[in-house]
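Text of the file query30.cif, holding mmCIF, C-alpha atoms and all ligand atoms:
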data_target
#
loop_
_atom_site.label_atom_id
_atom_site.label_comp_id
_atom_site.auth_asym_id
_atom_site.auth_seq_id
_atom_site.Cartn_x
_atom_site.Cartn_y
_atom_site.Cartn_z
CA MET A 150 1.76 -85.22 -7.70
CA ASP A 151 1.43 -82.55 -10.47
CA HIS A 152 -1.18 -79.87 -9.84
CA PRO A 153 -2.51 -77.04 -12.02
CA PRO A 154 -0.83 -73.66 -11.24
CA GLU A 155 -3.77 -72.33 -9.19
CA VAL A 156 -3.61 -75.40 -6.92
CA VAL A 157 0.20 -75.05 -6.59
CA ALA A 158 -0.29 -71.42 -5.50
CA LEU A 159 -3.03 -72.42 -3.06
CA LEU A 160 -0.90 -75.17 -1.50
CA GLU A 161 2.05 -72.79 -1.17
CA LYS A 162 -0.16 -70.39 0.73
CA PHE A 163 -1.94 -73.11 2.77
CA PRO A 164 0.42 -76.14 3.00
CA VAL A 165 -1.92 -77.79 5.51
CA LEU A 166 -4.38 -78.43 2.65
CA ARG A 167 -1.93 -80.66 0.73
CA LYS A 168 -3.01 -83.90 2.39
CA ALA A 169 -6.71 -83.24 1.77
CA PHE A 170 -6.01 -82.32 -1.89
CA GLU A 171 -3.87 -85.38 -2.54
CA THR A 172 -5.87 -88.01 -0.63
CA GLY A 173 -9.38 -86.56 -0.66
CA VAL A 174 -9.57 -87.43 3.06
CA GLU A 175 -10.73 -84.61 5.36
CA SER A 176 -11.69 -86.45 8.55
CA HIS A 177 -11.93 -89.86 10.30
CA ASP A 178 -8.19 -90.57 9.97
CA GLY A 179 -6.93 -89.96 13.48
CA ARG A 180 -6.64 -86.16 13.19
CA GLU A 181 -9.54 -85.79 15.64
CA GLU A 182 -7.65 -87.57 18.45
CA LYS A 183 -4.55 -85.52 17.53
CA LEU A 184 -6.59 -82.33 17.90
CA LEU A 185 -7.65 -83.33 21.42
CA SER A 186 -4.02 -84.07 22.40
CA PHE A 187 -2.93 -80.79 20.79
CA VAL A 188 -5.40 -78.80 22.88
CA LEU A 189 -4.76 -80.70 26.13
CA SER A 190 -0.98 -80.30 25.80
CA HIS A 191 -1.15 -76.71 24.55
CA PRO A 192 1.50 -74.45 26.17
CA ASP A 193 -1.33 -72.08 27.12
CA ILE A 194 -3.55 -74.85 28.62
CA ASP A 195 -4.02 -73.07 31.96
CA ASN A 196 -5.51 -70.08 30.17
CA LEU A 197 -7.54 -72.24 27.77
CA ARG A 198 -9.47 -73.83 30.64
CA GLY A 199 -12.78 -71.99 30.98
CA SER A 200 -12.12 -69.81 27.91
CA PRO A 201 -14.30 -70.75 24.90
CA THR A 202 -12.59 -68.10 22.75
CA LYS A 203 -9.09 -69.42 23.47
CA ILE A 204 -10.19 -73.02 22.86
CA LEU A 205 -11.69 -72.07 19.48
CA SER A 206 -8.43 -70.25 18.63
CA ALA A 207 -6.42 -73.37 19.58
CA ILE A 208 -8.64 -75.51 17.31
CA ASP A 209 -8.18 -72.97 14.48
CA GLU A 210 -4.42 -73.04 15.15
CA PHE A 211 -4.41 -76.85 14.77
CA SER A 212 -6.44 -76.64 11.55
CA ALA A 213 -4.09 -74.01 10.09
CA SER A 214 -0.81 -75.65 11.10
CA GLN A 215 -1.31 -79.40 11.72
CA ASP A 216 -4.24 -80.87 9.81
CA PHE A 217 -7.30 -79.37 8.15
CA LEU A 218 -10.51 -79.74 10.20
CA ILE A 219 -14.06 -79.69 8.87
CA SER A 220 -15.23 -77.34 11.66
CA ILE A 221 -16.83 -74.08 10.52
CA GLY A 222 -13.60 -72.12 11.20
CA GLY A 223 -12.97 -68.51 12.15
CA HIS A 224 -14.67 -66.55 9.37
CA LYS A 225 -18.01 -68.37 9.52
CA ALA A 226 -17.75 -68.38 13.33
CA ALA A 227 -17.75 -64.57 13.26
CA VAL A 228 -20.81 -64.51 10.95
CA LEU A 229 -22.73 -66.92 13.19
CA SER A 230 -21.80 -65.28 16.48
CA ARG A 231 -23.07 -61.93 15.13
CA LEU A 232 -26.32 -63.67 14.17
CA ILE A 233 -26.66 -65.14 17.68
CA ALA A 234 -25.90 -61.77 19.30
CA GLU A 235 -28.80 -60.29 17.28
CA GLU A 236 -31.28 -63.14 17.71
CA LYS A 237 -30.52 -64.10 21.34
CA PRO A 238 -31.75 -67.71 21.08
CA GLN A 239 -32.30 -69.69 24.28
CA THR A 240 -32.62 -73.17 22.74
CA ALA A 241 -30.30 -74.10 19.85
CA VAL A 242 -29.91 -77.40 18.03
CA GLU A 243 -27.12 -78.31 15.64
CA LEU A 244 -27.14 -81.29 13.30
CA GLY A 245 -23.51 -82.43 12.90
CA GLY A 246 -21.50 -81.50 15.98
CA TYR A 247 -18.10 -83.01 15.00
CA LEU A 248 -15.58 -82.04 17.73
CA GLY A 249 -17.66 -79.37 19.42
CA TYR A 250 -16.30 -76.24 17.72
CA SER A 251 -19.66 -74.81 16.64
CA ALA A 252 -21.37 -75.96 19.87
CA ILE A 253 -18.76 -74.09 21.94
CA LEU A 254 -19.18 -71.03 19.70
CA PHE A 255 -23.00 -71.05 19.99
CA ALA A 256 -23.11 -71.64 23.75
CA ASP A 257 -20.55 -68.89 24.39
CA ALA A 258 -22.33 -66.40 22.09
CA MET A 259 -25.71 -67.27 23.65
CA ARG A 260 -24.35 -66.79 27.17
CA ARG A 261 -22.89 -63.40 26.25
CA SER A 262 -26.10 -62.18 24.61
CA ASN A 263 -28.57 -63.66 27.10
CA PRO A 264 -26.74 -64.24 30.40
CA ALA A 265 -29.78 -64.34 32.69
CA GLN A 266 -31.76 -66.97 30.79
CA GLN A 267 -31.77 -70.76 30.89
CA LEU A 268 -29.79 -71.67 27.76
CA ARG A 269 -29.58 -75.03 25.98
CA VAL A 270 -27.54 -76.23 23.02
CA PHE A 271 -28.17 -79.76 21.71
CA SER A 272 -25.28 -80.92 19.54
CA LEU A 273 -26.36 -83.99 17.54
CA GLU A 274 -23.43 -86.05 16.27
CA LEU A 275 -23.42 -89.41 14.50
CA SER A 276 -20.00 -90.63 15.66
CA ALA A 277 -19.45 -91.85 19.24
CA GLU A 278 -15.70 -91.07 18.95
CA PHE A 279 -16.29 -87.47 17.84
CA SER A 280 -18.99 -87.03 20.51
CA ALA A 281 -16.52 -88.13 23.22
CA ILE A 282 -13.89 -85.62 22.04
CA ALA A 283 -16.52 -82.86 21.80
CA ARG A 284 -17.68 -83.53 25.38
CA GLN A 285 -14.09 -83.14 26.65
CA LEU A 286 -13.56 -79.86 24.80
CA ILE A 287 -16.96 -78.52 25.91
CA GLU A 288 -16.10 -79.44 29.51
CA LEU A 289 -12.72 -77.71 29.16
CA ALA A 290 -14.54 -74.60 27.88
CA GLY A 291 -16.78 -74.65 30.98
CA LEU A 292 -19.94 -75.06 28.89
CA SER A 293 -21.18 -78.52 29.91
CA ASP A 294 -24.11 -76.97 31.77
CA ILE A 295 -25.40 -75.51 28.48
CA VAL A 296 -24.35 -78.04 25.82
CA THR A 297 -25.66 -81.61 25.57
CA VAL A 298 -23.96 -83.80 22.97
CA VAL A 299 -26.38 -86.47 21.69
CA THR A 300 -24.82 -89.36 19.78
CA GLY A 301 -26.57 -90.99 16.82
CA PRO A 302 -28.20 -90.10 13.49
CA ALA A 303 -29.73 -86.61 13.81
CA GLU A 304 -33.21 -87.75 12.79
CA GLU A 305 -33.32 -90.39 15.55
CA SER A 306 -31.94 -87.99 18.15
CA LEU A 307 -34.49 -85.30 17.23
CA ARG A 308 -37.36 -87.79 17.56
CA LYS A 309 -35.98 -89.13 20.85
CA LEU A 310 -35.51 -85.67 22.42
CA HIS A 311 -38.99 -84.69 21.29
CA ALA A 312 -40.62 -87.90 22.58
CA GLN A 313 -38.93 -87.37 25.99
CA GLY A 314 -40.37 -83.85 26.14
CA THR A 315 -36.80 -82.48 26.34
CA LEU A 316 -37.10 -80.60 23.03
CA THR A 317 -40.50 -79.20 22.09
CA SER A 318 -39.46 -75.91 20.45
CA LEU A 319 -36.24 -74.38 19.17
CA ASP A 320 -35.06 -70.83 18.50
CA PHE A 321 -31.98 -71.59 16.40
CA LEU A 322 -31.20 -74.58 14.17
CA PHE A 323 -27.83 -75.16 12.51
CA LEU A 324 -27.58 -77.76 9.74
CA ASP A 325 -24.02 -78.94 9.15
CA HIS A 326 -24.15 -82.74 8.94
CA GLY A 327 -24.32 -83.39 5.19
CA GLU A 328 -26.00 -81.32 2.46
CA GLU A 329 -27.95 -84.34 1.18
CA LEU A 330 -29.54 -84.73 4.64
CA TYR A 331 -30.68 -81.11 5.03
CA PRO A 332 -34.10 -81.33 3.29
CA ALA A 333 -35.23 -84.49 5.10
CA ASP A 334 -34.00 -83.40 8.55
CA PHE A 335 -35.46 -79.90 8.10
CA LYS A 336 -38.81 -81.64 7.45
CA VAL A 337 -38.35 -83.81 10.57
CA CYS A 338 -37.98 -80.65 12.70
CA GLU A 339 -40.94 -79.05 10.96
CA GLY A 340 -43.05 -82.21 11.36
CA LEU A 341 -42.28 -82.35 15.09
CA GLY A 342 -43.53 -78.76 15.41
CA LEU A 343 -40.14 -77.47 16.66
CA PHE A 344 -40.29 -74.18 14.72
CA HIS A 345 -42.11 -71.09 15.93
CA LYS A 346 -42.48 -67.59 14.49
CA GLY A 347 -38.98 -66.10 14.82
CA THR A 348 -37.02 -69.38 14.72
CA VAL A 349 -33.80 -68.90 12.73
CA ILE A 350 -32.36 -71.76 10.65
CA ALA A 351 -28.77 -71.58 9.36
CA ALA A 352 -27.42 -74.15 6.89
CA ASP A 353 -23.70 -74.36 6.09
CA ASN A 354 -22.00 -75.18 2.76
CA VAL A 355 -24.95 -74.27 0.55
CA VAL A 356 -22.55 -73.12 -2.22
CA ARG A 357 -19.50 -75.30 -1.57
CA PRO A 358 -20.14 -78.20 -2.02
CA GLY A 359 -23.71 -76.91 -2.44
CA ALA A 360 -27.22 -77.72 -1.27
CA PRO A 361 -29.53 -76.83 -4.22
CA GLU A 362 -32.45 -79.00 -3.12
CA TYR A 363 -32.41 -77.53 0.39
CA ARG A 364 -32.13 -73.98 -0.98
CA ASN A 365 -35.13 -74.52 -3.25
CA LEU A 366 -37.06 -75.93 -0.32
CA VAL A 367 -36.46 -73.01 2.05
CA ARG A 368 -36.66 -70.28 -0.60
CA SER A 369 -40.06 -71.49 -1.84
CA HIS A 370 -41.43 -72.21 1.65
CA SER A 371 -44.47 -70.07 2.52
CA ARG A 372 -43.49 -69.76 6.22
CA LEU A 373 -39.84 -68.75 5.59
CA GLN A 374 -37.81 -65.78 4.48
CA SER A 375 -34.42 -67.00 3.32
CA THR A 376 -31.15 -65.56 2.05
CA GLY A 377 -27.51 -66.59 1.53
CA VAL A 378 -24.80 -64.91 3.62
CA LYS A 379 -21.18 -65.07 2.50
CA GLY A 380 -18.74 -67.10 4.59
CA LEU A 381 -15.22 -68.39 3.94
CA ILE A 382 -14.09 -71.98 4.44
CA GLN A 383 -10.85 -71.68 6.41
CA PRO A 384 -8.03 -72.48 6.02
CA GLY A 385 -8.06 -71.88 2.27
CA ASP A 386 -10.45 -68.91 2.16
CA PHE A 387 -12.80 -70.77 -0.21
CA GLU A 388 -15.96 -68.75 -0.87
CA ASP A 389 -19.15 -70.32 0.39
CA GLU A 390 -22.51 -69.25 1.81
CA ILE A 391 -24.59 -70.00 4.87
CA GLU A 392 -28.32 -70.04 4.08
CA ILE A 393 -30.15 -68.15 6.80
CA SER A 394 -33.90 -68.62 7.00
CA ARG A 395 -36.38 -67.07 9.40
CA VAL A 396 -39.80 -68.46 10.26
CA ILE A 397 -42.17 -65.55 9.58
CA ALA A 398 -45.56 -67.17 10.17
C1 LIG A 401 -18.90 -80.66 8.92
S1 LIG A 401 -18.93 -81.64 10.35
C2 LIG A 401 -19.70 -80.58 11.54
C3 LIG A 401 -18.81 -79.47 12.00
C4 LIG A 401 -19.31 -78.76 13.23
N1 LIG A 401 -20.63 -78.21 13.02
C5 LIG A 401 -18.36 -77.64 13.60
O1 LIG A 401 -18.39 -76.61 12.92
O2 LIG A 401 -17.61 -77.81 14.53
C6 LIG A 401 -20.18 -82.80 10.00
C7 LIG A 401 -20.45 -83.79 11.13
O3 LIG A 401 -21.72 -84.39 10.89
C8 LIG A 401 -21.68 -85.72 11.36
N2 LIG A 401 -22.80 -86.44 10.75
C9 LIG A 401 -22.87 -87.02 9.53
N3 LIG A 401 -24.09 -87.57 9.33
C10 LIG A 401 -24.80 -87.32 10.46
C11 LIG A 401 -26.13 -87.62 10.87
N4 LIG A 401 -26.97 -88.29 10.09
N5 LIG A 401 -26.52 -87.21 12.08
C12 LIG A 401 -25.68 -86.53 12.90
N6 LIG A 401 -24.42 -86.21 12.57
C13 LIG A 401 -23.99 -86.59 11.36
C14 LIG A 401 -20.29 -86.20 10.98
O4 LIG A 401 -19.90 -87.31 11.78
C15 LIG A 401 -19.45 -84.94 11.24
O5 LIG A 401 -18.91 -84.98 12.53
#
Using the file provided, produce a representation of the structure as structure tokens.
Ligand SMILES: C[S@@+](CC[C@H](N)C(=O)[O-])C[C@H]1O[C@@H](n2cnc3c(N)ncnc32)[C@H](O)[C@@H]1O
Amino acid sequence: MDHPPEVVALLEKFPVLRKAFETGVESHDGREEKLLSFVLSHPDIDNLRGSPTKILSAIDEFSASQDFLISIGGHKAAVLSRLIAEEKPQTAVELGGYLGYSAILFADAMRRSNPAQQLRVFSLELSAEFSAIARQLIELAGLSDIVTVVTGPAEESLRKLHAQGTLTSLDFLFLDHGEELYPADFKVCEGLGLFHKGTVIAADNVVRPGAPEYRNLVRSHSRLQSTGVKGLIQPGDFEDEIEISRVIA
């Protein structure tokens, strides 16, 4: 396939992106099962067990060398773990858990910044197959006591957790399940009364591919202060932003 010169240069630098560029497929094609096998048969598996950092590095290694993954990746992981170290949330919810990368990152960062507290991460994931892989990686990381993977559409899972009394308030929300879903699912959380003064809401991919409706919503919201923070999509180093909003009233 012929590509413009800038794409040729990009694919020379990041050959792992070729398949995604040429097929448009970035997930749901068996790479997720391959990632699990890659991690479980990793030469360093004995040291990976119980080490969230090493497991995240192994997932990044797969994404850089085997097949591109739609996890947040190393650069955005650093941005978000700094945010968690500052905010010290005790209850976090993510919409769009995929294979557990961001859930492992959040639980590990929360444990480091708030070791004495009862910590909970709810990772809401649509796909039963991805949820099953995430649970295995979370278990391997030694974080199953903190992270609960809930399978199903995020809106349903939020309502179910709330109705059970399991989730009545949250300190940190991460939206990463589909930019077109952000406004409606933000409003579901708001409608259930899950936000309190100080809750921090981070939304990925607000520039690439972009979430203009969500950005307008949070930037014009009377209870929120909101700003974009730069983050790179890796591999590829594509510039993007995470929208970080804080409930101020
Ligand atoms: C970009 S990936 C999430 C990556 C993950 N946050 C990470 O960094 O490791 C998006 C995920 O959202 C899931 N998803 C899509 N629609 C959803 C919905 N309505 N509710 C929950 N999850 C959804 C997809 O199955 C996919 O696994």
Quiz item: With all atoms listed in the file as the basis for distance, which of A:Gly173, A:Pro361, A:Gly385, A:Gly249 is at the shortest distance from ligand LIG 401 (chain A)?
Solution: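 Once distances to ligand LIG 401 (chain A) are computed over all atoms listed in the file, the minimum belongs to A:Gly249.
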Quiz item: Would you name the residues within 9 Å of ligand LIG 401 (chain A), counting all atoms listed in the file, and put them as a ChimeraX atom specification?
Solution: /A:176-177,218-222,225-226,243-254,272-277,279-280,283,299-306,323-327,330,334,353-354
Self-check item: For CA of Leu159 in chain A and CA of Arg364 in chain A, the interatomic separation in Å (one decimal)
Solution: 29.2 Å
Exercise. Tell me, in Å to one decimal, how far CA of Thr348 in chain A is from CA of Pro201 in chain A.
Key: 24.9 Å
Quiz item: If we count only C-alpha atoms, what is near Glu390 in chain A at a cut-off of 7 Å, once residues fewer than 6 positions away on the same chain are taken out, given as a list of chain:residue names?
Solution: A:Asp353, A:Asn354, A:Val355, A:Val356, A:Gly377, A:Val378, A:Lys379, A:Gly380
Quiz item: Which of these residues is nearest to Ala352 in chain A, using only C-alpha atoms: A:Arg269, A:Glu392, A:Leu373, A:Asn365?
Solution: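 Nearest candidate to Ala352 in chain A out of A:Arg269, A:Glu392, A:Leu373, A:Asn365: A:Glu392.
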Quiz item: What does the distance between CA of Ser230 in chain A and CA of Phe271 in chain A come to in Å, to one decimal place?
Solution: 16.7 Å
Practice problem: Find the residues around Gly347 in chain A up to 9 Å (only C-alpha atoms counted), leave out those fewer than 5 positions away in its own chain, and share them as number ranges by chain. | Solution: A: 236, 320, 395-398
Output for the residues just chosen: C-alpha atoms as a PDB file, keeping the file's coordinate frame:
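The resulting result-v1.pdb:
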ATOM      1  CA  GLU A 236     -31.280 -63.140  17.710  1.00  0.00           C
ATOM      2  CA  ASP A 320     -35.060 -70.830  18.500  1.00  0.00           C
ATOM      3  CA  ARG A 395     -36.380 -67.070   9.400  1.00  0.00           C
ATOM      4  CA  VAL A 396     -39.800 -68.460  10.260  1.00  0.00           C
ATOM      5  CA  ILE A 397     -42.170 -65.550   9.580  1.00  0.00           C
ATOM      6  CA  ALA A 398     -45.560 -67.170  10.170  1.00  0.00           C
TER       7      ALA A 398
END
Quiz prompt | Minimum-distance residue to Ser190 in chain A, chosen among A:Ala290, A:Ala207, A:His311, A:Leu322 (using only C-alpha atoms) | solution =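 When distances to Ser190 in chain A are compared using only C-alpha atoms, the smallest one comes from A:Ala207.
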Quiz item: Hey, what's within 12 Å of Val174 in chain A if we count all atoms listed in the file and toss same-chain stuff fewer than 4 positions away? As a PyMOL selection string, please?
Solution: chain A and resi 166-170+178-180+216-219
Around all of range 266-279 of chain A's listed atoms, make the axis-aligned box with 3 Å on each side and tell me centre and edge lengths in Å to one decimal, as lines of an AutoDock Vina configuration file.
center_x = -23.7
center_y = -79.4
center_z = 22.7
size_x = 22.1
size_y = 30.9
size_z = 22.4
Quiz item: Of the residues A:Phe335, A:Leu343, A:Ala351, A:Thr315, which is the one nearest to His370 in chain A, using only C-alpha atoms?
Solution: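 Once distances to His370 in chain A are computed over only C-alpha atoms, the minimum belongs to A:Phe335.
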Practice problem: Considering only C-alpha atoms, state which residue in the set A:Gln285, A:Thr240, A:Ser293, A:Ser262 is at the smallest distance from Ser186 in chain A. | Solution: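 Once distances to Ser186 in chain A are computed over only C-alpha atoms, the minimum belongs to A:Gln285.
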Quiz item: Which is closest to Ser214 in chain A among A:Thr376, A:Ser371, A:Gln383, A:Ser318, if we use all atoms listed in the file?
Solution: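 Ranking A:Thr376, A:Ser371, A:Gln383, A:Ser318 by distance to Ser214 in chain A, first place goes to A:Gln383.
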Practice problem: For range 336-339 of chain A, work out the shell of residues within 9 Å, counting all atoms listed in the file and skipping chain neighbours fewer than 3 positions away, then give it as a list in words. | Solution: Glu304, Leu307, Arg308, Tyr331, Pro332, Ala333, Gly342, Leu343 and Phe344 of chain A
Exercise. Find the spatial neighbours of Lys237 in chain A, counting all atoms listed in the file, within a cut-off of 10 Å - ignore same-chain residues fewer than 2 positions away - and output them as an MDAnalysis selection string.
Key: chainID A and resid 231:235 239:240 258:264 266 268 320:321
Filled-in N, CA and C atoms of range 322-353 of chain A, supplied as a short mmCIF file (atom, residue, chain, number, x, y, z; two decimals), in the coordinates of the input:
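As a result, rebuild_15.cif now contains:
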data_model
loop_
_atom_site.label_atom_id
_atom_site.label_comp_id
_atom_site.auth_asym_id
_atom_site.auth_seq_id
_atom_site.Cartn_x
_atom_site.Cartn_y
_atom_site.Cartn_z
N LEU A 322 -31.59 -73.26 14.69
CA LEU A 322 -31.20 -74.58 14.17
C LEU A 322 -30.02 -74.39 13.23
N PHE A 323 -28.99 -75.21 13.40
CA PHE A 323 -27.83 -75.16 12.51
C PHE A 323 -27.70 -76.51 11.83
N LEU A 324 -27.75 -76.52 10.50
CA LEU A 324 -27.58 -77.76 9.74
C LEU A 324 -26.17 -77.81 9.19
N ASP A 325 -25.42 -78.84 9.59
CA ASP A 325 -24.02 -78.94 9.15
C ASP A 325 -23.58 -80.40 9.11
N HIS A 326 -24.51 -81.31 8.85
CA HIS A 326 -24.15 -82.74 8.94
C HIS A 326 -24.03 -83.41 7.58
N GLY A 327 -24.41 -82.78 6.52
CA GLY A 327 -24.32 -83.39 5.19
C GLY A 327 -25.44 -82.77 4.35
N GLU A 328 -25.04 -82.10 3.24
CA GLU A 328 -26.00 -81.32 2.46
C GLU A 328 -27.17 -82.18 1.98
N GLU A 329 -26.89 -83.47 1.69
CA GLU A 329 -27.95 -84.34 1.18
C GLU A 329 -28.99 -84.66 2.26
N LEU A 330 -28.61 -84.44 3.53
CA LEU A 330 -29.54 -84.73 4.64
C LEU A 330 -30.39 -83.52 5.02
N TYR A 331 -30.00 -82.33 4.56
CA TYR A 331 -30.68 -81.11 5.03
C TYR A 331 -32.19 -81.13 4.78
N PRO A 332 -32.65 -81.44 3.53
CA PRO A 332 -34.10 -81.33 3.29
C PRO A 332 -34.90 -82.27 4.21
N ALA A 333 -34.46 -83.52 4.31
CA ALA A 333 -35.23 -84.49 5.10
C ALA A 333 -35.22 -84.11 6.59
N ASP A 334 -34.06 -83.68 7.11
CA ASP A 334 -34.00 -83.40 8.55
C ASP A 334 -34.66 -82.06 8.89
N PHE A 335 -34.64 -81.12 7.93
CA PHE A 335 -35.46 -79.90 8.10
C PHE A 335 -36.92 -80.30 8.26
N LYS A 336 -37.39 -81.23 7.41
CA LYS A 336 -38.81 -81.64 7.45
C LYS A 336 -39.12 -82.40 8.74
N VAL A 337 -38.13 -83.14 9.27
CA VAL A 337 -38.35 -83.81 10.57
C VAL A 337 -38.62 -82.75 11.65
N CYS A 338 -37.78 -81.72 11.69
CA CYS A 338 -37.98 -80.65 12.70
C CYS A 338 -39.33 -79.98 12.51
N GLU A 339 -39.66 -79.71 11.26
CA GLU A 339 -40.94 -79.05 10.96
C GLU A 339 -42.10 -79.96 11.38
N GLY A 340 -41.99 -81.24 11.03
CA GLY A 340 -43.05 -82.21 11.36
C GLY A 340 -43.25 -82.37 12.86
N LEU A 341 -42.18 -82.23 13.63
CA LEU A 341 -42.28 -82.35 15.09
C LEU A 341 -42.79 -81.05 15.72
N GLY A 342 -43.01 -80.03 14.90
CA GLY A 342 -43.53 -78.76 15.41
C GLY A 342 -42.50 -77.98 16.22
N LEU A 343 -41.20 -78.14 15.86
CA LEU A 343 -40.14 -77.47 16.66
C LEU A 343 -39.98 -75.99 16.30
N PHE A 344 -40.49 -75.57 15.13
CA PHE A 344 -40.29 -74.18 14.72
C PHE A 344 -41.43 -73.30 15.26
N HIS A 345 -41.08 -72.07 15.57
CA HIS A 345 -42.11 -71.09 15.93
C HIS A 345 -41.80 -69.81 15.17
N LYS A 346 -42.72 -68.87 15.16
CA LYS A 346 -42.48 -67.59 14.49
C LYS A 346 -41.23 -66.97 15.12
N GLY A 347 -40.23 -66.67 14.30
CA GLY A 347 -38.98 -66.10 14.82
C GLY A 347 -37.83 -67.10 14.88
N THR A 348 -38.12 -68.40 14.77
CA THR A 348 -37.02 -69.38 14.72
C THR A 348 -36.10 -69.05 13.54
N VAL A 349 -34.79 -69.15 13.79
CA VAL A 349 -33.80 -68.90 12.73
C VAL A 349 -33.09 -70.22 12.41
N ILE A 350 -32.97 -70.51 11.11
CA ILE A 350 -32.36 -71.76 10.65
C ILE A 350 -31.16 -71.40 9.78
N ALA A 351 -29.97 -71.87 10.15
CA ALA A 351 -28.77 -71.58 9.36
C ALA A 351 -28.25 -72.91 8.79
N ALA A 352 -27.92 -72.93 7.52
CA ALA A 352 -27.42 -74.15 6.89
C ALA A 352 -26.08 -73.85 6.23
N ASP A 353 -25.06 -74.61 6.59
CA ASP A 353 -23.70 -74.36 6.09
C ASP A 353 -23.49 -75.02 4.72
#
